[in-house]
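Below is one structure, written out as structure tokens; the observations come after it.
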Amino acid sequence: MNQVGRDIPRLEVRAKVTGRADYTHNLRLPGMLYGKVFRATVPHGRIRCIETGAARAVPGVQCVVTGEDIRKLIAEPYYGPAFHDQPILALDKVRHVGEPVAVVLASDPHVAEHAAQLIDAEYQELPAVYDEVAAMQPDIVVHDMLKPAGTFADLKHLKGRTGTNIALDFHLRRGDVDAALARAERVIEHTFKTQQCLHLAFEPFVAVADPGDGVLTIHTSNQTPSFVRTEIARLFGWPENRVRVKVPYLGGGFGAKVYVKLEALVSALALLVRRPVKIALTMEEQFYMITKHPTTFRIKSGVGKDGRVVARACEVYWNGGAYADIGPRVTQKSGFTAPGPYDIENINIDSYALYTNRTPAGALRGFGIPQLVWAYESHTDLIARELGIDPIDFRRKNILHQNRPQASGTPMTDAAIAKVLDAIAARLAWNKKLDRGSGTVRRGRGVAIGFKASISPTTSVAIVNVAADGSTTLYTSTVDMGQGSDTAFAQIAAEVLDFKAEDIRIVHPDTDVTPYDMGTLGSRSLFHMGNAVRLAAEDARAKLQALAAQAGLPEGTNYPPAEVFKKRFGMQAGNVIGAASFVPTYKSPDAQTGLSDNVTPFWMVGGAGAEVEVDTETGDVRVLRLVNAVDCGKPINPGVARTQLSGAAIMQLGFTLSEAMQLDAGQVTNASLADYKIPGIRDVPPMENELVEAEQHTGPFGAKGLGESGTFGVSPAIANAIHDAVGVRIMELPITAEVVFRALRAQQGRPLEDA
Amino acid sequence: MIPFEMVEPKSLKEALALLDPQESTVRAVAGGTALMLMMKAGVFTPTRLVCLHGIESEYARITVSAGELRIGAMATLSELERDANVAARLPVLKRAMRTLSNVRVRNVARVGGALAHGDPHLDLPPVLAALGARVSISGAGGDRELPLEQLYSGYYETVLAKDELITAVKIPAQAARKAAYMKVTARSADDWPALGVAVSFAFADGAIRDPIVVVSAATEKVTRMAAAEKVLHGAAPDDATLARAGDAAAAAAAILTDAHGSAAYKRELLRVYLRRAVREALGDGARPVRQ
Ligand SMILES: Cc1cc2nc3c(=O)[nH]c(=O)nc-3n(C[C@H](O)[C@H](O)[C@H](O)COP(=O)(O)OP(=O)(O)OC[C@H]3O[C@@H](n4cnc5c(N)ncnc54)[C@H](O)[C@@H]3O)c2cc1C
């Protein structure tokens with residue numbers, strides 16, 4: 001039976017809906033202590049003193065730990081994937097409100113919580129910087145010195161730099177932009193902005209460290225177990241095999257739970273007190289851990305008489321907050337797609353990662369792409385309007401076709417951009433007139449398309465174990481956080497081995513058992529780990545055939561594996577281990593031009609079409625219809641793929657219409673689900689989700705990832721539709737009713753007063 | 001959480017005696033849906049909670065006598081939602097329940113809790129105030145009754161003494177009065193409202209009579225809009241009248257800026273939704289966009 005392409009339900013659904021699935025939140029170890037974090041109340045300040053006496057005096061408190069206590073255990077207690085800039089607990093300085101300053105440990109979590117409220121810290125307050133463009137100036141400097149991690153060659157030049165907030169500047173030069181702009185018929189320029197928002201997984205961050213005897217075990221809700229092992233071993237100066245990282249199911253990740261989050265803290269605490277330590281954050285505390293970059297994007301295009309874009313200059317400023325996290329990667333890996341999926345001869349890109357005094361920013365379902373698409377697809381629509389060309393025709397005129405080089409110089413192989421656009425136009429019946437409404441209710445429609453490169457170069461390793469009865473187990477360090485990777489890998493392995501996917505068991509990440517994987521992020525797993533699983537299964541199949549030959553069976557025998565084992569070993573014994581690594585090739589961008597002809601192993605493509613209704617009396621926007629389309633190659637499981645598409649679109653809908661972290665003098669004023677509004681079920685519009693017919697020739701059975709692709713087009717499609725409906729253009733997210741209302745009033749020449 | 005005492009009196013009298021006239025850390029708990037959140041957030045730390053679940057069952061009943069509907073303070077919001085008398089006499093109340101939180105909360109939250117909490121964003125107070133409801137209050141010093149809107153003295157503040165309890169809310173016969181409630185959420189559909197507008201009025205010979213106009217959520221407490229009522233009384237509900245009523249309300253209401261929107265924006269919403277509420281009550285209103 002064909003296993004690939006089957007619409008089977010996710011393997012774990014029954015366990016999840018019956019409440020039996022395993023999560024780190026449920027874990028309790030004998031003798032375990034609970035930690036409660038005491039957090040900074042100022043955005044930028046030197047620590048004068050931390051008063052912990054009252055907390056220590058609370059009955060039941062085991063101890064109170066500060067950054068200085070950690071420094072006694074680890075001389076350089078700083079971590080981070082790109083920069084070693086983040087202290088396990090604040091040292092010397094605090095750089096954002098909510099930064100962890102101390103931890104209370106107690107065997108009763110309520111006692112720890114109460115005691116943490118009794119800690120008091122004094123700071124010498126420093127001026128703070130919150131805006132990404134303002135942070136370009138070195139007037140207020142968040143870090144005295146830059147400390148790149150050394151793992152990335154393109155960050156080396158930043159080592160030891162002082163007097164700057166620029167954690168990375170990425171530049172790309174293609175053709176001659178200045179000359180082309182001078183020759184262009186029209187030059188059009190805009191600035192777009194996005195807000196700070198966050199992942200808000202329904203399972204907040206949680207980790208448990210067990211100091212063990214010579215081997216430290218970390219149980220954590222994390223998307224990158226292999227990285228955690230490497231980084232924790234580095235912090236302690238240990239070999240990797242003294243650190244064991246175990247990850248059960250995740251209640252959502254979305255890019256929040258990548259790299260080290262709580263793991264260094266619980267590990268240090270567990271080693272200090274020689275007892276297992278658990279820290280589980282509240283929903284509210286998530287607002288102080290990791291967020292999505294606010295951005296400012298200045299985009300300028302030169303257009304010829306024929307409606308072709310001849311030059312584009314992109315300046316992107318990424319507000320990375322107080323610690324770099326993966327921001328510098330976002331700045332470069334997403335930065336080079338800033339001109340959009342268009343065939344443009346002359347391109348400049350300047351992309352800057354900036355430190356500010358906000359909660360750090362990292363990867364959030366799209367790794368910076370939704371911020372870029374927001375700007376370039378709003379810009380594209382505005383150009384089409386200005387030229388009086390239909391927005392779909394204008395896109396078709398400029399679109400990047402198969403194998404044409406993208407800005408970086410890498411060809412767009414297996415990237416069905418035009419097909420995605422066509423699918424959206426067809427579903428919206430773009431050729432037919434829209435009922436535009438009347439009176440105070442006006443309707444409009446808009447489209448947007450985007451694309452993304454995969455993070456590269458990265459490695460995935462898989463092991464397939466066929467037992468003597470033929471039953472098979474798959475070992476990978478990919479984290480299933482709801483995206484369905486377990487199911488997809490079972491289908492891939494089953495296809496190769498001619499089993500049923502449901503019969504394959506998946507072992508969840510345990511770095512003592514499961515092999516290395518770079519991480520479950522950037523929609524890379526289906527392609528990278530999927531390929532590794534396919535190769536490992538092929539290896540197992542070849543070994544089974546060898547076994548059959550040893551057992552004296554003819555080549556091509558259809559004896560089931562159990563029979564082969566029995567024939568070979570005389571009883572139900574032995575096993576076959578297939579293993580494989582998958583590492584795609586890669587060429588790093590030229591240091592001068594930023595160009596590379598092999599910058600990504602595959603491209604993700606996604607787009608959206610929206611029909612909206614605007615209440616002109618209130619500015620309220622109702623999405624009447626949302627069409628999502630992607631190229632995900634040949635889907636392994638079309639049903640799961642479509643739910644990834646709709647899930648991503650709904651998430652982006654929140655970032656488009658309502659979600660925003662509000663800041664007052666560095667304080668987040670809406671750090672709760674009551675005040676920070678994600679879409680509820682009644683906000684979900686009628687949606688159509690289409691997987692266009694395509695194939696990723698280098699992917700496992702023609703497939704590639706799509707976990708993020710559904711986010712790309714949503715925001716600009718809606719802004720474009722609003723413009724179409726009522727003639728106002730929103731340049732900044734989120735597009736709340738009040739924002740639209742104010743724009744309408746400004747358009748009428750009677751702007752609404754501020755308060 | 002710091003340990004506290006939980007007592008379960010068997011009668012209203014006992015419950016009142018367990019409250020403390022001076023001590024604000026001693027409180028009644030009805031459904032606990034509001035109180036538990038305050039305790040979790042650390043804004044309320046009790047020394048004693050007086051659970052009202054065991055008091056006489058009459059305080060949970062919904063009854064009609066002489067046209068007046070009496071809702072016991074311990075009735076759950078779900079009981080209110082499903083009550084046949086409520087459905088027949090006060091359809092606006094039943095409709096308001098549809099977007100009032102969710103079934104899990106409605107199953108445990110009590111009418112008394114919804115009224116006593118004092119959060120201006122709640123739905124029941126403006127609807128009941130527009131229906132001319134009166135609250136019955138019992139305390140050590142005896143019983144009293146107040147028009148509902150007079151229960152509120154500020155943001156999360158009521159005129160209840162620390163040792164008083166709401167026992168019931170009474171709604172006079174509505175005869176042919178018309179009513180509507182508009183809950184305006186500015187962000188997601190399940191957001192706390194940026195504005196609530198509730199109206200009721202008699203309608204005869206093409207004119208509005210004895211209107212009650214109540215604003216909530218945008219103001220620090222549920223407030224009756226006397227100026228708007230004056231404009232509407234005796235007038236035909238045409239565009240000009242409704243615009244004047246909207247202007248009068250927008251000028252009079254003490255509207256606050258908060259996360260749901262600026263005061264300027266909410267004043268505009270009030271103008272629009274006052275008109276829509278009247279039209280809705282008359283049965284020819286356009287539905288608000290988010291409901
Ligand atoms: C997830 C969620 C969503 C919600 N959404 C909405 C919504 O959309 N619309 C809406 O209107 N509300 C909403 N609410 C609020 C809800 O209506 C209130 O929490 C509820 O009505 C309070 O009733 P309770 O019985 O649980 O009160 P409790 O929590 O028990 O008490 C609340 C307060 O009232 C006092 N009190 C209780 N009973 C009495 C009494 N008889 N006399 C004097 N004082 C008393 C208590 O001492 C306490 O101070 C929501 C709540 C939640 C948790």
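Every chain in the structure tokens has a letter given in the order shown (A, B, ...), and although residue numbers restart at 1 in each chain, ligands are simply numbered from 1 in the order shown.
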
Please identify every residue of chain B that has at least one atom no more than 7 Å from any atom of chain A, counting only C-alpha atoms, and report them as a PyMOL selection string. chain B and resi 1+186-191+257+261-265+269+272

Take the selection from the previous step and output its residues with N, CA, C and O atoms, as a short mmCIF file (atom, residue, chain, number, x, y, z; two decimals), in the first residue's frame.
```cif
data_model
loop_
_atom_site.label_atom_id
_atom_site.label_comp_id
_atom_site.auth_asym_id
_atom_site.auth_seq_id
_atom_site.Cartn_x
_atom_site.Cartn_y
_atom_site.Cartn_z
N MET B 1 0.66 30.56 46.99
CA MET B 1 -0.59 30.96 47.65
C MET B 1 -0.44 30.80 49.16
O MET B 1 0.05 29.79 49.64
N ALA B 186 -13.07 45.44 20.25
CA ALA B 186 -12.24 46.15 19.26
C ALA B 186 -11.10 45.29 18.73
O ALA B 186 -10.47 45.65 17.75
N ARG B 187 -10.80 44.18 19.38
CA ARG B 187 -9.66 43.37 18.95
C ARG B 187 -10.18 42.00 18.53
O ARG B 187 -10.66 41.85 17.42
N SER B 188 -10.10 41.00 19.41
CA SER B 188 -10.67 39.71 19.00
C SER B 188 -12.12 39.66 19.47
O SER B 188 -12.55 40.46 20.29
N ALA B 189 -12.88 38.69 18.94
CA ALA B 189 -14.30 38.59 19.28
C ALA B 189 -14.51 38.32 20.77
O ALA B 189 -15.49 38.77 21.35
N ASP B 190 -13.57 37.60 21.40
CA ASP B 190 -13.75 37.29 22.82
C ASP B 190 -13.03 38.28 23.72
O ASP B 190 -12.84 38.04 24.90
N ASP B 191 -12.64 39.41 23.18
CA ASP B 191 -12.01 40.46 23.97
C ASP B 191 -13.03 41.04 24.95
O ASP B 191 -14.23 40.96 24.74
N THR B 257 -9.16 56.22 28.00
CA THR B 257 -8.26 55.57 27.04
C THR B 257 -7.68 54.32 27.71
O THR B 257 -7.28 54.36 28.86
N GLY B 261 -8.66 50.95 23.15
CA GLY B 261 -8.77 52.06 22.22
C GLY B 261 -8.67 53.39 22.94
O GLY B 261 -8.78 53.47 24.16
N SER B 262 -8.46 54.43 22.16
CA SER B 262 -8.37 55.77 22.74
C SER B 262 -9.77 56.25 23.09
O SER B 262 -10.77 55.76 22.56
N ALA B 263 -9.84 57.22 23.99
CA ALA B 263 -11.13 57.78 24.37
C ALA B 263 -11.79 58.42 23.16
O ALA B 263 -13.01 58.29 22.97
N ALA B 264 -11.01 59.07 22.32
CA ALA B 264 -11.58 59.72 21.14
C ALA B 264 -12.27 58.69 20.25
O ALA B 264 -13.37 58.92 19.74
N TYR B 265 -11.63 57.55 20.07
CA TYR B 265 -12.22 56.51 19.22
C TYR B 265 -13.49 55.96 19.87
O TYR B 265 -14.51 55.76 19.22
N LEU B 269 -17.35 55.46 18.67
CA LEU B 269 -18.09 54.19 18.74
C LEU B 269 -19.42 54.39 19.46
O LEU B 269 -20.44 53.84 19.07
N VAL B 272 -22.02 55.87 17.20
CA VAL B 272 -22.52 54.90 16.21
C VAL B 272 -23.39 53.83 16.89
O VAL B 272 -24.47 53.50 16.43
#
```

Taking 6 positions as the minimum chain separation for residues in the same chain, which residues sit within 10 Å of Leu91 in chain A when counting only C-alpha atoms? Answer as a PyMOL selection string. chain A and resi 46-47+66-68+70-71+77-78+100-101

Surrounding residues of Thr711 in chain A excluding itself and chain neighbours under 4 positions, 7 Å, only C-alpha atoms, as a list in words: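 The filter keeps Gly366, Pro370, Ala648, Ala649 and Gln652 of chain A.
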
Got time to write the residues from that selection, all heavy atoms, as a PDB file, in the first residue's frame?
```pdb
ATOM      1  N   GLY A 366       8.200  31.637  10.572  1.00  0.00           N
ATOM      2  CA  GLY A 366       8.511  32.373   9.359  1.00  0.00           C
ATOM      3  C   GLY A 366       9.879  33.015   9.405  1.00  0.00           C
ATOM      4  O   GLY A 366      10.374  33.497   8.400  1.00  0.00           O
ATOM      5  N   PRO A 370       7.509  36.873   7.417  1.00  0.00           N
ATOM      6  CA  PRO A 370       6.242  37.624   7.391  1.00  0.00           C
ATOM      7  C   PRO A 370       6.452  39.142   7.491  1.00  0.00           C
ATOM      8  O   PRO A 370       5.696  39.900   6.897  1.00  0.00           O
ATOM      9  CB  PRO A 370       5.489  37.086   8.610  1.00  0.00           C
ATOM     10  CG  PRO A 370       6.043  35.714   8.802  1.00  0.00           C
ATOM     11  CD  PRO A 370       7.495  35.807   8.427  1.00  0.00           C
ATOM     12  N   ALA A 648      -1.168  28.181  10.395  1.00  0.00           N
ATOM     13  CA  ALA A 648      -0.229  29.288  10.179  1.00  0.00           C
ATOM     14  C   ALA A 648      -0.980  30.555   9.802  1.00  0.00           C
ATOM     15  O   ALA A 648      -0.662  31.652  10.278  1.00  0.00           O
ATOM     16  CB  ALA A 648       0.770  28.916   9.081  1.00  0.00           C
ATOM     17  N   ALA A 649      -2.001  30.407   8.980  1.00  0.00           N
ATOM     18  CA  ALA A 649      -2.753  31.584   8.533  1.00  0.00           C
ATOM     19  C   ALA A 649      -3.506  32.225   9.695  1.00  0.00           C
ATOM     20  O   ALA A 649      -3.527  33.450   9.835  1.00  0.00           O
ATOM     21  CB  ALA A 649      -3.716  31.196   7.418  1.00  0.00           C
ATOM     22  N   GLN A 652      -1.069  34.126  11.838  1.00  0.00           N
ATOM     23  CA  GLN A 652      -0.680  35.397  11.219  1.00  0.00           C
ATOM     24  C   GLN A 652      -1.844  36.384  11.216  1.00  0.00           C
ATOM     25  O   GLN A 652      -1.635  37.599  11.258  1.00  0.00           O
ATOM     26  CB  GLN A 652      -0.169  35.151   9.796  1.00  0.00           C
ATOM     27  CG  GLN A 652       0.459  36.374   9.136  1.00  0.00           C
ATOM     28  CD  GLN A 652       1.751  36.802   9.816  1.00  0.00           C
ATOM     29  OE1 GLN A 652       2.491  35.989  10.354  1.00  0.00           O
ATOM     30  NE2 GLN A 652       2.015  38.108   9.801  1.00  0.00           N
TER      31      GLN A 652
END
```

Residues near Arg106 in chain B, cut-off 12 Å, only C-alpha atoms, skip fewer than 2 positions along chain, as a list in words: Gly31, Gly32, Thr33, Ala34, Ala75, Thr76, Leu77, Ser78, Glu79, Leu80, Glu81, Arg82, Ala96, Met97, Arg98, Thr99, Leu100, Ser101, Asn102, Val103, Arg104, Val108, Ala109, Arg110, Val111, Gly113, Ala114 and Leu124 of chain B

Store the residues of this selection in a file with N, CA, C and O atoms, as a CSV table (one decimal), in the first residue's frame.
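Wrote result00.csv, looks like this:
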```
chain,number,residue,atom,x,y,z
B,31,GLY,N,-19.3,31.9,42.5
B,31,GLY,CA,-18.7,31.0,41.5
B,31,GLY,C,-17.2,30.9,41.6
B,31,GLY,O,-16.6,29.9,41.2
B,32,GLY,N,-16.6,32.0,42.1
B,32,GLY,CA,-15.2,32.0,42.2
B,32,GLY,C,-14.4,32.3,40.9
B,32,GLY,O,-13.2,32.4,40.9
B,33,THR,N,-15.2,32.5,39.8
B,33,THR,CA,-14.5,32.7,38.5
B,33,THR,C,-13.7,34.0,38.5
B,33,THR,O,-12.6,34.1,37.8
B,34,ALA,N,-14.2,35.0,39.1
B,34,ALA,CA,-13.5,36.3,39.2
B,34,ALA,C,-12.4,36.3,40.3
B,34,ALA,O,-11.3,36.7,40.1
B,75,ALA,N,-28.2,32.2,41.5
B,75,ALA,CA,-28.5,31.5,40.2
B,75,ALA,C,-27.2,31.6,39.4
B,75,ALA,O,-26.5,32.7,39.4
B,76,THR,N,-26.9,30.5,38.6
B,76,THR,CA,-25.8,30.6,37.7
B,76,THR,C,-26.2,31.3,36.5
B,76,THR,O,-27.4,31.5,36.2
B,77,LEU,N,-25.2,31.8,35.7
B,77,LEU,CA,-25.5,32.5,34.5
B,77,LEU,C,-26.2,31.5,33.5
B,77,LEU,O,-27.0,31.9,32.7
B,78,SER,N,-25.8,30.3,33.6
B,78,SER,CA,-26.4,29.3,32.7
B,78,SER,C,-27.9,29.1,33.0
B,78,SER,O,-28.7,29.0,32.1
B,79,GLU,N,-28.2,29.1,34.3
B,79,GLU,CA,-29.7,29.0,34.7
B,79,GLU,C,-30.5,30.2,34.1
B,79,GLU,O,-31.6,30.1,33.6
B,80,LEU,N,-29.8,31.4,34.1
B,80,LEU,CA,-30.5,32.6,33.6
B,80,LEU,C,-30.7,32.4,32.1
B,80,LEU,O,-31.7,32.7,31.5
B,81,GLU,N,-29.6,31.9,31.5
B,81,GLU,CA,-29.7,31.7,30.0
B,81,GLU,C,-30.8,30.7,29.6
B,81,GLU,O,-31.4,30.9,28.5
B,82,ARG,N,-31.0,29.7,30.4
B,82,ARG,CA,-32.0,28.7,30.0
B,82,ARG,C,-33.4,28.9,30.6
B,82,ARG,O,-34.3,28.1,30.3
B,96,ALA,N,-27.8,38.3,25.3
B,96,ALA,CA,-26.5,38.8,25.9
B,96,ALA,C,-25.6,37.6,26.4
B,96,ALA,O,-24.4,37.7,26.4
B,97,MET,N,-26.3,36.6,26.8
B,97,MET,CA,-25.6,35.4,27.3
B,97,MET,C,-24.7,34.7,26.2
B,97,MET,O,-23.7,34.1,26.6
B,98,ARG,N,-25.2,34.8,25.0
B,98,ARG,CA,-24.5,34.1,23.9
B,98,ARG,C,-23.0,34.5,23.8
B,98,ARG,O,-22.1,33.6,23.6
B,99,THR,N,-22.7,35.7,24.0
B,99,THR,CA,-21.2,36.1,23.9
B,99,THR,C,-20.7,36.5,25.3
B,99,THR,O,-19.6,37.1,25.4
B,100,LEU,N,-21.4,36.1,26.4
B,100,LEU,CA,-20.8,36.3,27.7
B,100,LEU,C,-19.9,35.1,28.1
B,100,LEU,O,-20.4,34.0,28.4
B,101,SER,N,-18.7,35.3,28.0
B,101,SER,CA,-17.7,34.3,28.3
B,101,SER,C,-18.0,33.0,27.5
B,101,SER,O,-18.2,33.0,26.3
B,102,ASN,N,-18.0,31.9,28.2
B,102,ASN,CA,-18.2,30.6,27.6
B,102,ASN,C,-19.0,29.7,28.5
B,102,ASN,O,-19.2,30.0,29.7
B,103,VAL,N,-19.4,28.6,28.0
B,103,VAL,CA,-20.3,27.7,28.8
B,103,VAL,C,-19.7,27.3,30.1
B,103,VAL,O,-20.4,27.1,31.1
B,104,ARG,N,-18.4,27.1,30.1
B,104,ARG,CA,-17.8,26.6,31.4
B,104,ARG,C,-17.9,27.7,32.5
B,104,ARG,O,-18.2,27.4,33.6
B,108,VAL,N,-20.7,28.1,36.2
B,108,VAL,CA,-20.3,28.2,37.6
B,108,VAL,C,-20.5,29.7,38.1
B,108,VAL,O,-20.7,29.9,39.3
B,109,ALA,N,-20.4,30.7,37.3
B,109,ALA,CA,-20.5,32.0,37.7
B,109,ALA,C,-21.9,32.3,38.1
B,109,ALA,O,-22.8,31.8,37.5
B,110,ARG,N,-22.1,33.1,39.2
B,110,ARG,CA,-23.4,33.4,39.7
B,110,ARG,C,-23.8,34.9,39.4
B,110,ARG,O,-22.9,35.7,39.3
B,111,VAL,N,-25.1,35.1,39.4
B,111,VAL,CA,-25.5,36.5,39.1
B,111,VAL,C,-25.0,37.5,40.1
B,111,VAL,O,-24.5,38.5,39.8
B,113,GLY,N,-22.2,37.3,41.8
B,113,GLY,CA,-20.8,37.6,41.5
B,113,GLY,C,-20.7,38.5,40.4
B,113,GLY,O,-19.8,39.5,40.4
B,114,ALA,N,-21.5,38.3,39.3
B,114,ALA,CA,-21.4,39.2,38.1
B,114,ALA,C,-21.7,40.6,38.5
B,114,ALA,O,-21.2,41.6,37.9
B,124,LEU,N,-23.7,41.7,32.2
B,124,LEU,CA,-24.9,41.7,32.9
B,124,LEU,C,-25.3,43.1,33.5
B,124,LEU,O,-26.5,43.5,33.3
```

Quick one: everything within 12 Å of Glu220 in chain B, counting only C-alpha atoms, minus sequence neighbours fewer than 4 positions away in the same chain. Send it as a ChimeraX atom specification. /B:118-122,152-158,194-196,215-216,253-258,263
